[in-house]
Amino acid sequence: MADKRDFYEVLGVAKGASDDEIKKAYRRLAKQYHPDLNAGDKTAEQKFKEVNEAYEVLSDSEKRARYDQFGHAGVDPNFNPGAGGPGGAYGGGFDFGDFGDIFSNLGDIFGFGGQGGARNGPMRGNDIHIHLTISFEEAAKGAKKQVEASRVVTCSTCGGTGAKPGTHPETCSYCHGTGTVKVSQRTPFGVMSTSHPCEHCHGTGKIVKDPCPDCRGVGQVRKPRKLEVDIPAGIDDGQVLTLRGQGDFGRNGGPPGDLNISVSVRAHKIFQRRGFDIYCDVPLTFAQAVLGSDIHVPTLDGKVDMHIPAGTQPGETFRLRGKGIKNLNRYGSGDEFVRVTVEVPKNLTEQQKTLLRQFDDATKDGPHYEKRKSFFAKLKGLF
C-alpha cells in the first residue's frame, strides 16, 4: 500500500472537502478517464480504477473516518485489528504495539459504540460504489448491462472464522470473550468505571493464533464479480441506482451493504433531454417553410411523418405527444418538441439569383411580410 496515492489527492479535493465536493470531483474525473472514452489507453484505465477506489472510500463516512485515522491500512479488507497473540493474523509480519492506545479510543469508528461495545456483534457490510456509462437510448428505453463489482465475502477456506482449517479461534482469556474490559478509577467524585475494547483481542472476543492462509485471519476476502443489472427506463444522467444487499458481506451475521451505481448518460447526436421531454432541431428549405411540406422526423421509436404548414417561421416548435422519455416514477412518457430551422441557400447560380430577385420584387411590398411591415412602421414613427 506504500505506493498508493492519497485518496484526497486522487480526487483533487482538500481533506476537509464536503460530500458534495467529493461527488462532483468524482463525476468529473470518472467521465474524463472512463474506458468508453479512452479505448486502449492503459493509463486512463488505471486512473479510472484509482478514482473509483478513492470515491468508494471517501463517499462512505465510516470508511473515510478509518482512512483519515489510519490511511490506506484502515480501509484494506485484510487489515485485521481483531487478531491477537504474537504476530496476530499476519504471522509476525505486523506489529500492533503502536496501536494499543489508539484502539482504546476509537469508539464508533470501528463500531465499538459510545460505551465500549464489542466488535463481536453483528456488523453491516460496507457499501460499494461504481460508475456506469450508458447511451441516451438505453437511458430512455431501459437496458440490461453487465457490470464488474468486486465485493468482500466470507472466506470459504475458514468459513469466516479467520482460523486455519482444523483449528479454531480461542476465547480471549483477558475479556472472557466479551470484547470489552472494565476499568475502575478513583476520582474526587468517587470510583468511576468505564468500559474499553479489550487490547488483547481488539474488541473481537477471540484470539486467532493460527490464521487462515487465504484471508490471513480476517475471515473475509475480496472476490471479483460480474452481475447483470436492469437499468430502468427513464433514468437520467447523474442518478444513482442502488442494489440492496449487493455490497460487501457483513460480519458476525450482520447484513450486507448495498451496491451504488452512479450513472452517466452519453450525449445524443440529435436529441437533447429536459426532464422527460426531448428536443430536436429539424432543418427546412426555404420552399418547404413557405409552401408547407410533409417531412420525416426522427423519434426514439423511429421516423414519423409530420406536416409542416405553409408559412412556417424559423424557430417554430411542434409537439409530438408521448414521443419523449418514459417517466421513471409514474405512468406515461414525456413529449418530443421539434423546432424547425430554415436554411438559407448558398452558392446560387445566376439564373437562380435572377429568379429569387423576381420573387422578392413580387412579394416585398405585399401583405406577405408582417414582421417586416411592422418593423418599418415603428421605425418611421421614431424618426
# chains A, B, ... in the order shown; residues from 1 in each chain; ligands from 1
call {"tool": "residues_around", "arguments": {"residues": "region 151-162 of chain A", "least_positions_apart": "6", "cutoff": "8 Å", "atoms": "only C-alpha atoms", "output": "PyMOL selection string"}}
result
chain A and resi 77+128+168-169+208+211-212+214-225+247-249
call {"tool": "residues_around", "arguments": {"residues": "Phe276 (chain A)", "least_positions_apart": "2", "cutoff": "7 Å", "atoms": "only C-alpha atoms", "output": "JSON, numbers by chain"}}
result
{"A": [273, 274, 278, 324, 325, 326, 327, 333, 334]}
call {"tool": "atom_distance", "arguments": {"atom1": "CA of Asn260 (chain A)", "atom2": "CA of Glu56 (chain A)"}}
result
9.6 Å
call {"tool": "residues_around", "arguments": {"residues": "region 172-181 of chain A", "least_positions_apart": "6", "cutoff": "6 Å", "atoms": "only C-alpha atoms", "output": "ChimeraX atom specification"}}
result
/A:118,195-198,203-207
call {"tool": "residues_around", "arguments": {"residues": "region 33-50 of chain A", "least_positions_apart": "4", "cutoff": "12 Å", "atoms": "only C-alpha atoms", "output": "VMD selection string"}}
result
chain A and resid 4 to 11 26 to 29 54 to 57 129 to 135 148 to 149 264 to 266
call {"tool": "closest_residue", "arguments": {"among": "A:Thr312, A:Gln69, A:Gln185, A:Ser193", "to": "Phe286 (chain A)", "atoms": "only C-alpha atoms"}}
result
A:Thr312
call {"tool": "select_by_dssp", "arguments": {"residues": "region 119-207 of chain A", "states": "alpha helix (DSSP H)", "output": "list in words"}}
result
Phe136, Glu137, Glu138, Ala139, Ala140 and Lys141 of chain A
call {"tool": "residues_around", "arguments": {"residues": "region 294-308 of chain A", "least_positions_apart": "2", "cutoff": "8 Å", "atoms": "only C-alpha atoms", "output": "PyMOL selection string"}}
result
chain A and resi 137+282+288-289+292+310+312+323-324+336
call {"tool": "closest_residue", "arguments": {"among": "A:Arg251, A:Arg186, A:Lys209, A:Lys145", "to": "Leu227 (chain A)", "atoms": "only C-alpha atoms"}}
result
A:Lys145
call {"tool": "select_by_dssp", "arguments": {"residues": "region 192-263 of chain A", "states": "strand (DSSP E or B)", "output": "ChimeraX atom specification"}}
result
/A:192-197,206-207,211,220-223,226-231,240-243,251,259-263
call {"tool": "atom_distance", "arguments": {"atom1": "CA of Val13 (chain A)", "atom2": "CA of Arg64 (chain A)"}}
result
13.6 Å
call {"tool": "atom_distance", "arguments": {"atom1": "CA of Cys280 (chain A)", "atom2": "CA of Val338 (chain A)"}}
result
5.3 Å
